[in-house]
>>> print(open('structure12.cif').read())   # mmCIF, C-alpha atoms
data_target
loop_
_atom_site.label_atom_id
_atom_site.label_comp_id
_atom_site.auth_asym_id
_atom_site.auth_seq_id
_atom_site.Cartn_x
_atom_site.Cartn_y
_atom_site.Cartn_z
CA MET Y 1041 -15.29 2.65 -12.96
CA VAL Y 1042 -11.93 2.50 -11.25
CA LEU Y 1043 -10.40 4.90 -8.75
CA LEU Y 1044 -6.65 4.26 -8.75
CA GLU Y 1045 -4.23 6.00 -6.41
CA PHE Y 1046 -0.53 5.68 -7.01
CA ALA Y 1047 2.83 7.08 -5.98
CA MET Y 1048 5.91 6.33 -8.09
CA TYR Y 1049 9.45 7.43 -7.34
CA PRO Y 1050 13.07 6.55 -8.03
CA VAL Y 1051 15.41 5.06 -5.43
CA GLY Y 1052 18.94 6.39 -5.33
CA LYS Y 1053 18.25 9.77 -6.91
CA GLY Y 1054 18.53 11.84 -3.77
CA GLU Y 1055 16.10 13.03 -1.17
CA SER Y 1056 13.98 15.45 -3.23
CA LEU Y 1057 11.49 13.62 -5.43
CA SER Y 1058 9.41 16.49 -6.80
CA PRO Y 1059 11.22 16.68 -10.20
CA TYR Y 1060 10.23 13.08 -10.89
CA VAL Y 1061 6.71 13.54 -9.54
CA ALA Y 1062 6.31 16.61 -11.78
CA ARG Y 1063 7.20 14.57 -14.86
CA SER Y 1064 4.51 12.01 -13.99
CA LEU Y 1065 1.97 14.74 -13.33
CA ASP Y 1066 2.66 16.23 -16.74
CA ILE Y 1067 1.76 12.86 -18.29
CA ILE Y 1068 -1.33 12.53 -16.09
CA ASP Y 1069 -2.54 16.08 -16.66
CA ARG Y 1070 -2.30 15.61 -20.45
CA SER Y 1071 -3.97 12.17 -20.39
CA GLY Y 1072 -7.48 13.60 -20.36
CA LEU Y 1073 -8.50 11.40 -17.40
CA ALA Y 1074 -10.03 12.92 -14.30
CA TYR Y 1075 -7.50 12.99 -11.47
CA GLN Y 1076 -6.62 14.54 -8.11
CA LEU Y 1077 -3.09 15.24 -6.88
CA THR Y 1078 -2.77 14.82 -3.10
CA PRO Y 1079 0.23 15.20 -0.75
CA MET Y 1080 0.69 11.41 -0.84
CA GLY Y 1081 -0.08 10.41 -4.41
CA THR Y 1082 -2.31 10.93 -7.39
CA ILE Y 1083 -5.82 9.53 -7.80
CA LEU Y 1084 -6.94 8.69 -11.35
CA GLU Y 1085 -10.45 7.83 -12.47
CA GLY Y 1086 -11.39 5.81 -15.54
CA GLU Y 1087 -11.73 2.29 -16.86
CA TRP Y 1088 -9.11 -0.27 -15.74
CA ASP Y 1089 -7.25 -0.22 -19.08
CA GLU Y 1090 -7.25 3.58 -19.23
CA VAL Y 1091 -5.82 4.17 -15.78
CA MET Y 1092 -3.29 1.34 -16.12
CA ALA Y 1093 -2.12 2.79 -19.45
CA VAL Y 1094 -1.35 6.12 -17.74
CA VAL Y 1095 0.55 4.40 -14.91
CA THR Y 1096 2.54 2.42 -17.49
CA LYS Y 1097 3.39 5.61 -19.38
CA CYS Y 1098 4.67 7.21 -16.17
CA PHE Y 1099 6.72 4.08 -15.44
CA GLU Y 1100 8.30 4.04 -18.91
CA ALA Y 1101 9.27 7.70 -18.54
CA MET Y 1102 10.82 7.09 -15.13
CA ARG Y 1103 12.79 3.97 -15.88
CA ALA Y 1104 14.34 5.68 -18.91
CA ASP Y 1105 16.76 7.40 -16.51
CA CYS Y 1106 16.17 5.70 -13.13
CA PRO Y 1107 17.67 2.24 -12.52
CA ARG Y 1108 15.43 1.56 -9.53
CA VAL Y 1109 11.77 2.60 -9.25
CA GLU Y 1110 9.18 1.97 -6.53
CA VAL Y 1111 5.42 2.07 -7.11
CA ALA Y 1112 2.62 1.89 -4.54
CA LEU Y 1113 -0.85 1.59 -6.02
CA LYS Y 1114 -4.40 1.03 -4.78
CA VAL Y 1115 -7.54 0.38 -6.80
CA ASP Y 1116 -11.15 0.75 -5.75
CA TYR Y 1117 -13.39 -0.65 -8.50
CA ARG Y 1118 -17.13 -0.37 -8.42
CA ALA Y 1119 -19.43 -1.55 -11.21
CA GLY Y 1120 -21.23 1.32 -12.92
CA ASP Y 1121 -20.42 4.47 -14.81
CA GLY Y 1122 -20.73 7.20 -12.19
CA SER Y 1123 -17.74 9.25 -11.09
CA ARG Y 1124 -16.83 8.87 -7.42
CA LEU Y 1125 -13.90 11.29 -7.36
CA ALA Y 1126 -16.09 13.87 -5.64
CA SER Y 1127 -18.98 11.74 -4.33
CA LYS Y 1128 -17.02 9.47 -1.95
CA VAL Y 1129 -15.89 12.43 0.13
CA VAL Y 1130 -19.36 14.01 0.07
CA ALA Y 1131 -20.94 10.72 1.26
CA VAL Y 1132 -18.75 10.79 4.36
CA GLU Y 1133 -19.55 14.44 5.06
CA GLU Y 1134 -23.28 13.79 4.68
CA ARG Y 1135 -23.13 10.91 7.15
CA LEU Y 1136 -21.32 13.07 9.69
CA GLY Y 1137 -23.50 16.09 9.00
CA ARG Y 1138 -20.55 18.47 8.77
CA LYS Y 1139 -17.80 19.66 6.45
CA LEU Y 1140 -14.38 17.97 6.65
CA ALA Y 1141 -10.91 19.06 5.51
CA THR Y 1142 -10.66 17.91 1.90
CA GLY Y 1143 -7.75 19.85 0.44
CA MET L 746 7.11 15.56 10.78
CA VAL L 747 5.13 12.64 9.43
CA LEU L 748 2.56 12.57 6.67
CA LEU L 749 0.52 9.38 7.13
CA GLU L 750 -2.18 8.25 4.72
CA PHE L 751 -4.46 5.43 5.69
CA ALA L 752 -7.63 3.64 4.70
CA MET L 753 -9.33 1.28 7.16
CA TYR L 754 -12.45 -0.76 6.55
CA PRO L 755 -14.27 -3.87 7.72
CA VAL L 756 -14.50 -7.07 5.67
CA GLY L 757 -17.84 -8.85 5.62
CA LYS L 758 -19.99 -5.83 6.44
CA GLY L 759 -21.45 -5.35 2.97
CA GLU L 760 -20.48 -3.27 -0.02
CA SER L 761 -21.03 0.24 1.36
CA LEU L 762 -18.21 1.34 3.64
CA SER L 763 -19.07 5.00 4.24
CA PRO L 764 -20.73 4.45 7.68
CA TYR L 765 -17.44 3.01 8.97
CA VAL L 766 -15.32 5.64 7.25
CA ALA L 767 -17.52 8.35 8.79
CA ARG L 768 -16.88 7.00 12.28
CA SER L 769 -13.13 7.16 11.70
CA LEU L 770 -13.38 10.67 10.29
CA ASP L 771 -15.25 11.77 13.37
CA ILE L 772 -12.30 10.59 15.48
CA ILE L 773 -9.80 12.22 13.13
CA ASP L 774 -11.66 15.51 12.88
CA ARG L 775 -11.83 15.78 16.69
CA SER L 776 -8.15 14.79 17.16
CA GLY L 777 -6.83 18.29 16.53
CA LEU L 778 -4.28 17.04 13.98
CA ALA L 779 -4.12 18.55 10.51
CA TYR L 780 -5.63 16.15 7.98
CA GLN L 781 -7.04 15.87 4.49
CA LEU L 782 -9.81 13.45 3.46
CA THR L 783 -9.37 12.21 -0.12
CA PRO L 784 -11.46 9.78 -2.22
CA MET L 785 -8.96 7.01 -1.37
CA GLY L 786 -8.02 7.62 2.25
CA THR L 787 -7.19 10.21 4.87
CA ILE L 788 -3.85 11.98 5.24
CA LEU L 789 -2.78 12.95 8.76
CA GLU L 790 0.11 15.21 9.70
CA GLY L 791 1.95 15.21 13.02
CA GLU L 792 4.64 13.46 14.99
CA TRP L 793 4.89 9.65 14.64
CA ASP L 794 3.31 8.97 18.03
CA GLU L 795 0.50 11.46 17.43
CA VAL L 796 -0.59 10.10 14.06
CA MET L 797 -0.22 6.47 15.19
CA ALA L 798 -2.37 7.19 18.26
CA VAL L 799 -5.18 8.43 16.00
CA VAL L 800 -4.93 5.37 13.75
CA THR L 801 -5.03 3.13 16.84
CA LYS L 802 -8.11 4.91 18.12
CA CYS L 803 -9.87 4.38 14.77
CA PHE L 804 -8.87 0.70 14.87
CA GLU L 805 -10.19 0.19 18.40
CA ALA L 806 -13.51 1.76 17.42
CA MET L 807 -13.80 -0.45 14.34
CA ARG L 808 -12.88 -3.76 15.87
CA ALA L 809 -15.45 -3.21 18.59
CA ASP L 810 -18.12 -4.36 16.14
CA CYS L 811 -16.17 -5.69 13.13
CA PRO L 812 -14.55 -9.15 13.36
CA ARG L 813 -12.30 -8.52 10.37
CA VAL L 814 -10.60 -5.21 9.56
CA GLU L 815 -8.16 -4.24 6.79
CA VAL L 816 -5.78 -1.27 7.01
CA ALA L 817 -3.55 0.17 4.30
CA LEU L 818 -1.14 2.84 5.50
CA LYS L 819 1.75 4.85 4.08
CA VAL L 820 4.15 7.15 5.90
CA ASP L 821 6.39 9.86 4.48
CA TYR L 822 8.67 11.15 7.24
CA ARG L 823 10.98 14.07 6.78
CA ALA L 824 13.14 15.57 9.51
CA GLY L 825 12.06 19.10 10.45
CA ASP L 826 9.01 20.89 11.75
CA GLY L 827 7.44 22.35 8.64
CA SER L 828 4.03 21.25 7.43
CA ARG L 829 4.03 19.62 4.01
CA LEU L 830 0.30 18.98 3.73
CA ALA L 831 0.00 21.93 1.34
CA SER L 832 3.60 22.45 0.23
CA LYS L 833 4.19 19.08 -1.47
CA VAL L 834 1.44 19.73 -3.98
CA VAL L 835 2.57 23.32 -4.54
CA ALA L 836 6.16 22.15 -5.20
CA VAL L 837 4.94 19.95 -8.05
CA GLU L 838 2.83 22.76 -9.52
CA GLU L 839 5.75 25.17 -9.35
CA ARG L 840 8.01 22.72 -11.18
CA LEU L 841 5.43 22.27 -13.93
CA GLY L 842 4.58 25.95 -14.04
CA ARG L 843 0.83 25.35 -14.04
CA LYS L 844 -2.07 24.55 -11.76
CA LEU L 845 -3.07 20.90 -11.32
CA ALA L 846 -6.29 19.25 -10.10
CA THR L 847 -5.95 19.05 -6.33
CA GLY L 848 -9.50 18.43 -5.08
CA MET K 695 12.97 -6.93 -13.89
CA VAL K 696 9.94 -6.16 -11.77
CA LEU K 697 8.91 -7.62 -8.44
CA LEU K 698 5.20 -6.93 -8.00
CA GLU K 699 3.25 -7.79 -4.88
CA PHE K 700 -0.50 -7.57 -4.91
CA ALA K 701 -3.60 -8.48 -2.94
CA MET K 702 -7.02 -8.34 -4.62
CA TYR K 703 -10.35 -9.07 -3.00
CA PRO K 704 -14.04 -8.34 -3.32
CA VAL K 705 -15.95 -6.05 -0.95
CA GLY K 706 -19.40 -7.20 0.15
CA LYS K 707 -18.88 -10.92 -0.42
CA GLY K 708 -18.59 -11.94 3.22
CA GLU K 709 -15.72 -12.34 5.61
CA SER K 710 -13.92 -15.32 4.04
CA LEU K 711 -11.88 -14.31 1.03
CA SER K 712 -9.98 -17.52 0.26
CA PRO K 713 -12.34 -18.70 -2.54
CA TYR K 714 -11.55 -15.50 -4.45
CA VAL K 715 -7.85 -15.63 -3.64
CA ALA K 716 -7.74 -19.25 -4.85
CA ARG K 717 -9.19 -18.23 -8.21
CA SER K 718 -6.47 -15.59 -8.64
CA LEU K 719 -3.78 -18.07 -7.61
CA ASP K 720 -5.01 -20.52 -10.22
CA ILE K 721 -4.47 -17.82 -12.88
CA ILE K 722 -1.07 -16.90 -11.43
CA ASP K 723 0.13 -20.49 -11.08
CA ARG K 724 -0.76 -21.20 -14.72
CA SER K 725 0.82 -17.97 -16.00
CA GLY K 726 4.32 -19.39 -16.14
CA LEU K 727 5.76 -16.42 -14.20
CA ALA K 728 7.83 -16.95 -11.08
CA TYR K 729 5.79 -16.08 -8.00
CA GLN K 730 5.54 -16.49 -4.24
CA LEU K 731 2.29 -16.68 -2.27
CA THR K 732 2.59 -15.11 1.18
CA PRO K 733 0.04 -14.68 4.01
CA MET K 734 -0.51 -11.08 2.85
CA GLY K 735 -0.41 -11.25 -0.94
CA THR K 736 1.32 -12.73 -3.95
CA ILE K 737 4.67 -11.61 -5.35
CA LEU K 738 5.16 -11.93 -9.12
CA GLU K 739 8.41 -11.54 -11.01
CA GLY K 740 8.76 -10.61 -14.68
CA GLU K 741 8.77 -7.69 -17.07
CA TRP K 742 6.31 -4.84 -16.37
CA ASP K 743 3.94 -5.86 -19.16
CA GLU K 744 4.01 -9.53 -18.12
CA VAL K 745 3.19 -8.98 -14.46
CA MET K 746 0.56 -6.33 -15.24
CA ALA K 747 -1.11 -8.72 -17.72
CA VAL K 748 -1.49 -11.31 -14.95
CA VAL K 749 -2.92 -8.75 -12.52
CA THR K 750 -5.37 -7.62 -15.21
CA LYS K 751 -6.46 -11.20 -15.85
CA CYS K 752 -7.12 -11.70 -12.13
CA PHE K 753 -9.11 -8.45 -12.07
CA GLU K 754 -11.25 -9.43 -15.07
CA ALA K 755 -12.03 -12.78 -13.44
CA MET K 756 -13.01 -11.11 -10.17
CA ARG K 757 -15.16 -8.32 -11.52
CA ALA K 758 -17.15 -10.84 -13.53
CA ASP K 759 -19.07 -11.68 -10.36
CA CYS K 760 -17.98 -9.02 -7.83
CA PRO K 761 -19.45 -5.51 -8.09
CA ARG K 762 -16.76 -4.00 -5.85
CA VAL K 763 -13.08 -4.99 -5.89
CA GLU K 764 -10.08 -3.63 -3.96
CA VAL K 765 -6.48 -4.00 -5.11
CA ALA K 766 -3.29 -3.12 -3.24
CA LEU K 767 -0.13 -3.38 -5.29
CA LYS K 768 3.56 -2.56 -4.90
CA VAL K 769 6.29 -2.64 -7.53
CA ASP K 770 10.04 -2.77 -7.04
CA TYR K 771 11.74 -2.35 -10.42
CA ARG K 772 15.45 -2.69 -10.90
CA ALA K 773 17.24 -2.49 -14.25
CA GLY K 774 18.80 -5.80 -15.25
CA ASP K 775 17.73 -9.36 -15.92
CA GLY K 776 18.56 -11.15 -12.70
CA SER K 777 15.85 -12.68 -10.53
CA ARG K 778 15.57 -11.17 -7.05
CA LEU K 779 12.75 -13.35 -5.75
CA ALA K 780 15.28 -15.35 -3.70
CA SER K 781 18.28 -13.01 -3.64
CA LYS K 782 16.70 -10.08 -1.78
CA VAL K 783 16.02 -12.20 1.27
CA VAL K 784 19.46 -13.82 1.11
CA ALA K 785 21.13 -10.39 0.96
CA VAL K 786 19.50 -9.42 4.25
CA GLU K 787 20.50 -12.70 5.89
CA GLU K 788 24.09 -12.31 4.71
CA ARG K 789 24.28 -8.81 6.17
CA LEU K 790 22.99 -10.03 9.51
CA GLY K 791 25.08 -13.19 9.43
CA ARG K 792 22.20 -15.42 10.44
CA LYS K 793 19.16 -17.19 9.09
CA LEU K 794 15.78 -15.42 9.33
CA ALA K 795 12.20 -16.70 9.19
CA THR K 796 11.31 -16.72 5.48
CA GLY K 797 8.24 -18.95 5.26
CA MET H 807 -4.76 -11.30 16.09
CA VAL H 808 -3.13 -8.99 13.58
CA LEU H 809 -1.07 -9.83 10.55
CA LEU H 810 0.94 -6.72 9.66
CA GLU H 811 3.15 -6.47 6.58
CA PHE H 812 5.50 -3.53 6.25
CA ALA H 813 8.41 -2.22 4.24
CA MET H 814 10.45 0.73 5.55
CA TYR H 815 13.35 2.39 3.80
CA PRO H 816 15.25 5.66 3.63
CA VAL H 817 15.06 8.08 0.69
CA GLY H 818 18.29 9.66 -0.47
CA LYS H 819 20.64 6.99 0.89
CA GLY H 820 21.51 5.42 -2.45
CA GLU H 821 20.09 2.57 -4.47
CA SER H 822 20.96 -0.37 -2.20
CA LEU H 823 18.60 -0.64 0.74
CA SER H 824 19.65 -3.97 2.29
CA PRO H 825 21.83 -2.44 5.06
CA TYR H 826 18.79 -0.57 6.37
CA VAL H 827 16.48 -3.54 5.94
CA ALA H 828 18.97 -5.73 7.85
CA ARG H 829 18.89 -3.33 10.80
CA SER H 830 15.09 -3.56 10.94
CA LEU H 831 15.22 -7.34 10.66
CA ASP H 832 17.59 -7.50 13.59
CA ILE H 833 15.01 -5.63 15.69
CA ILE H 834 12.19 -7.85 14.41
CA ASP H 835 14.07 -11.11 14.88
CA ARG H 836 14.87 -10.19 18.48
CA SER H 837 11.32 -9.01 19.25
CA GLY H 838 10.03 -12.50 19.97
CA LEU H 839 7.03 -12.03 17.63
CA ALA H 840 6.32 -14.53 14.87
CA TYR H 841 7.29 -13.07 11.51
CA GLN H 842 8.11 -13.90 7.89
CA LEU H 843 10.59 -11.99 5.73
CA THR H 844 9.53 -11.88 2.06
CA PRO H 845 11.17 -10.28 -1.01
CA MET H 846 8.78 -7.31 -0.62
CA GLY H 847 8.49 -6.77 3.11
CA THR H 848 8.17 -8.40 6.50
CA ILE H 849 4.99 -9.88 7.94
CA LEU H 850 4.56 -9.71 11.72
CA GLU H 851 1.93 -11.48 13.79
CA GLY H 852 0.69 -10.42 17.21
CA GLU H 853 -1.69 -8.08 18.96
CA TRP H 854 -2.09 -4.56 17.50
CA ASP H 855 0.00 -2.90 20.22
CA GLU H 856 2.75 -5.52 19.94
CA VAL H 857 3.22 -5.29 16.19
CA MET H 858 2.95 -1.49 16.20
CA ALA H 859 5.60 -1.29 18.92
CA VAL H 860 8.03 -3.24 16.70
CA VAL H 861 7.32 -1.01 13.69
CA THR H 862 7.87 2.06 15.87
CA LYS H 863 11.19 0.68 17.12
CA CYS H 864 12.34 0.12 13.52
CA PHE H 865 11.27 3.66 12.65
CA GLU H 866 13.14 5.20 15.58
CA ALA H 867 16.31 3.31 14.57
CA MET H 868 16.00 4.47 10.95
CA ARG H 869 15.27 8.12 11.54
CA ALA H 870 18.28 8.37 13.83
CA ASP H 871 20.45 8.64 10.71
CA CYS H 872 17.99 9.02 7.82
CA PRO H 873 16.35 12.42 7.24
CA ARG H 874 13.64 10.95 5.00
CA VAL H 875 11.92 7.61 5.56
CA GLU H 876 9.07 5.89 3.69
CA VAL H 877 6.85 3.22 5.21
CA ALA H 878 4.23 1.07 3.49
CA LEU H 879 2.12 -1.04 5.83
CA LYS H 880 -0.92 -3.31 5.61
CA VAL H 881 -2.91 -4.88 8.42
CA ASP H 882 -5.28 -7.83 8.31
CA TYR H 883 -7.03 -8.15 11.68
CA ARG H 884 -9.29 -11.02 12.53
CA ALA H 885 -10.93 -11.55 15.91
CA GLY H 886 -9.61 -14.63 17.69
CA ASP H 887 -6.36 -16.02 18.94
CA GLY H 888 -5.28 -18.42 16.20
CA SER H 889 -2.15 -17.83 14.17
CA ARG H 890 -2.78 -17.31 10.47
CA LEU H 891 0.84 -16.89 9.38
CA ALA H 892 0.80 -20.45 8.00
CA SER H 893 -2.92 -21.18 7.74
CA LYS H 894 -3.88 -18.48 5.20
CA VAL H 895 -1.57 -19.94 2.58
CA VAL H 896 -2.70 -23.51 3.35
CA ALA H 897 -6.37 -22.50 2.99
CA VAL H 898 -5.70 -21.31 -0.57
CA GLU H 899 -3.79 -24.49 -1.43
CA GLU H 900 -6.59 -26.66 -0.04
CA ARG H 901 -9.18 -24.84 -2.13
CA LEU H 902 -7.11 -25.32 -5.28
CA GLY H 903 -6.19 -28.88 -4.39
CA ARG H 904 -2.53 -28.41 -5.20
CA LYS H 905 0.72 -27.01 -3.79
CA LEU H 906 1.69 -23.43 -4.67
CA ALA H 907 5.01 -21.57 -4.60
CA THR H 908 5.29 -20.20 -1.06
CA GLY H 909 8.95 -19.33 -0.65
#
>>> encode(input="structure12.cif", output="structure tokens")
Amino acid sequence: MVLLEFAMYPVGKGESLSPYVARSLDIIDRSGLAYQLTPMGTILEGEWDEVMAVVTKCFEAMRADCPRVEVALKVDYRAGDGSRLASKVVAVEERLGRKLATG
Amino acid sequence: MVLLEFAMYPVGKGESLSPYVARSLDIIDRSGLAYQLTPMGTILEGEWDEVMAVVTKCFEAMRADCPRVEVALKVDYRAGDGSRLASKVVAVEERLGRKLATG
Amino acid sequence: MVLLEFAMYPVGKGESLSPYVARSLDIIDRSGLAYQLTPMGTILEGEWDEVMAVVTKCFEAMRADCPRVEVALKVDYRAGDGSRLASKVVAVEERLGRKLATG
Amino acid sequence: MVLLEFAMYPVGKGESLSPYVARSLDIIDRSGLAYQLTPMGTILEGEWDEVMAVVTKCFEAMRADCPRVEVALKVDYRAGDGSRLASKVVAVEERLGRKLATG
């Protein structure tokens, strides 16, 4: 399973990016994949082809009206079927023996 | 104010990274800065020098026993004093007119 | 056209990553796309689907024998057909009016 | 020694970013540190405090007239004094037994 975090935004469309981020989140939220929106990006979980297909859909929507687009993306792949969207954070808390700020 | 997301881990210390992440989170949690741990990194909020000092402290602790260390880091700076750790996510939800998965 | 920079490596396979990087570069070099290997990653140039297909091929080759894989990836898309693999660096040098270290 | 790659640019200052990149490169070129400008960022080499001081100087120059600034940064630290700005690329070429495109 893949955890993929990405942030995608237009260059040259002004200083406020939330309209463009909202359009991507609409695509992500309807994709059916598990995800988490954070203040710095969105984390998707699924197979490689599934998560990349969602990123590609967001890109196609953005370049339709944005002549320049930047994407920053990270993948953490681990063999196996289990979800780590919740468990990675819990593993750190368990090691420290206390609750942490997790949004 | 700066939002800074980073992930820092050793190379060559095996496949499980949570012991090293926990050590960094201990430093972060005690720093007094606002932060959010996500499945893909930790987001700090503060002035440039404050957040960089915390990242440096995590790095010093890790290189003490790790001969190779990787860091991935993103900064989103916006002039002004207001916290955006919560408000960036809310702005996207308000634009879409519905709640999103936020951890 | 898309400029895509990425770095992909296994976690838990020891401290030296060049055998795995070499395997990816073999795939990239044979892909027919324009590219540049740097000390911190590889920059590909092509259409979105072309560059993503190469990244996917590298990922499939790596996960075949690596149970954990990390990928860091950045995209700079600009509408139009012109190559920017050389011209972006030249544009900075022309602004400064002097040659810079470019590898 | 640390290899640090970073890209820093303003949001809301139009689609062409090379004037801002040139200003950072002027700071970097005068810093005395070894570096390499690529089409996707600049790679610095030095001790942690040295490379971070240069990034901070670029940030201070940019925020002086840019109300929103994005930074993407990666570090590859390896214990020891040797430069890897050239040797990492050569190690990959030696493994493959052929020359690669390196800018």
>>> resolve_selection(input="structure12.cif", expression="the PyMOL selection byres ((chain K) within 7 of (chain Y))", output="list of chain:residue names")
K:Pro761, K:Arg762, K:Val763, K:Glu764, K:Val765, K:Ala766, K:Leu767, K:Lys768, K:Val769, K:Asp770, K:Tyr771, K:Arg772, K:Ala773
>>> residues_around(input="structure12.cif", residues="segment 725-732 of chain K", least_positions_apart="4", cutoff="7 Å", atoms="only C-alpha atoms", output="list in words")
Ile721, Thr736, Ile737, Leu738, Glu739 and Gly740 of chain K; Val895, Ala907, Thr908 and Gly909 of chain H
>>> atom_distance(input="structure12.cif", atom1="atom CA of Glu899 of chain H", atom2="atom CA of Lys707 of chain K")
20.3 Å
>>> closest_residue(input="structure12.cif", among="H:Ser830, H:Pro825, H:Arg904, H:Tyr815", to="Cys864 of chain H", atoms="all atoms listed in the file")
H:Ser830
>>> residues_near_point(input="structure12.cif", point="(7.1, 24.2, -16.5)", cutoff="12 Å", atoms="all atoms listed in the file", output="ChimeraX atom specification")
/Y:1059,1062-1063,1065-1066 /L:836-845
>>> atom_distance(input="structure12.cif", atom1="atom CA of Val799 of chain L", atom2="atom CA of Pro784 of chain L")
19.3 Å
>>> residues_around(input="structure12.cif", residues="Gly706 of chain K", least_positions_apart="6", cutoff="7 Å", atoms="only C-alpha atoms", output="list in words")
Gly757, Lys758, Gly759 and Glu760 of chain L
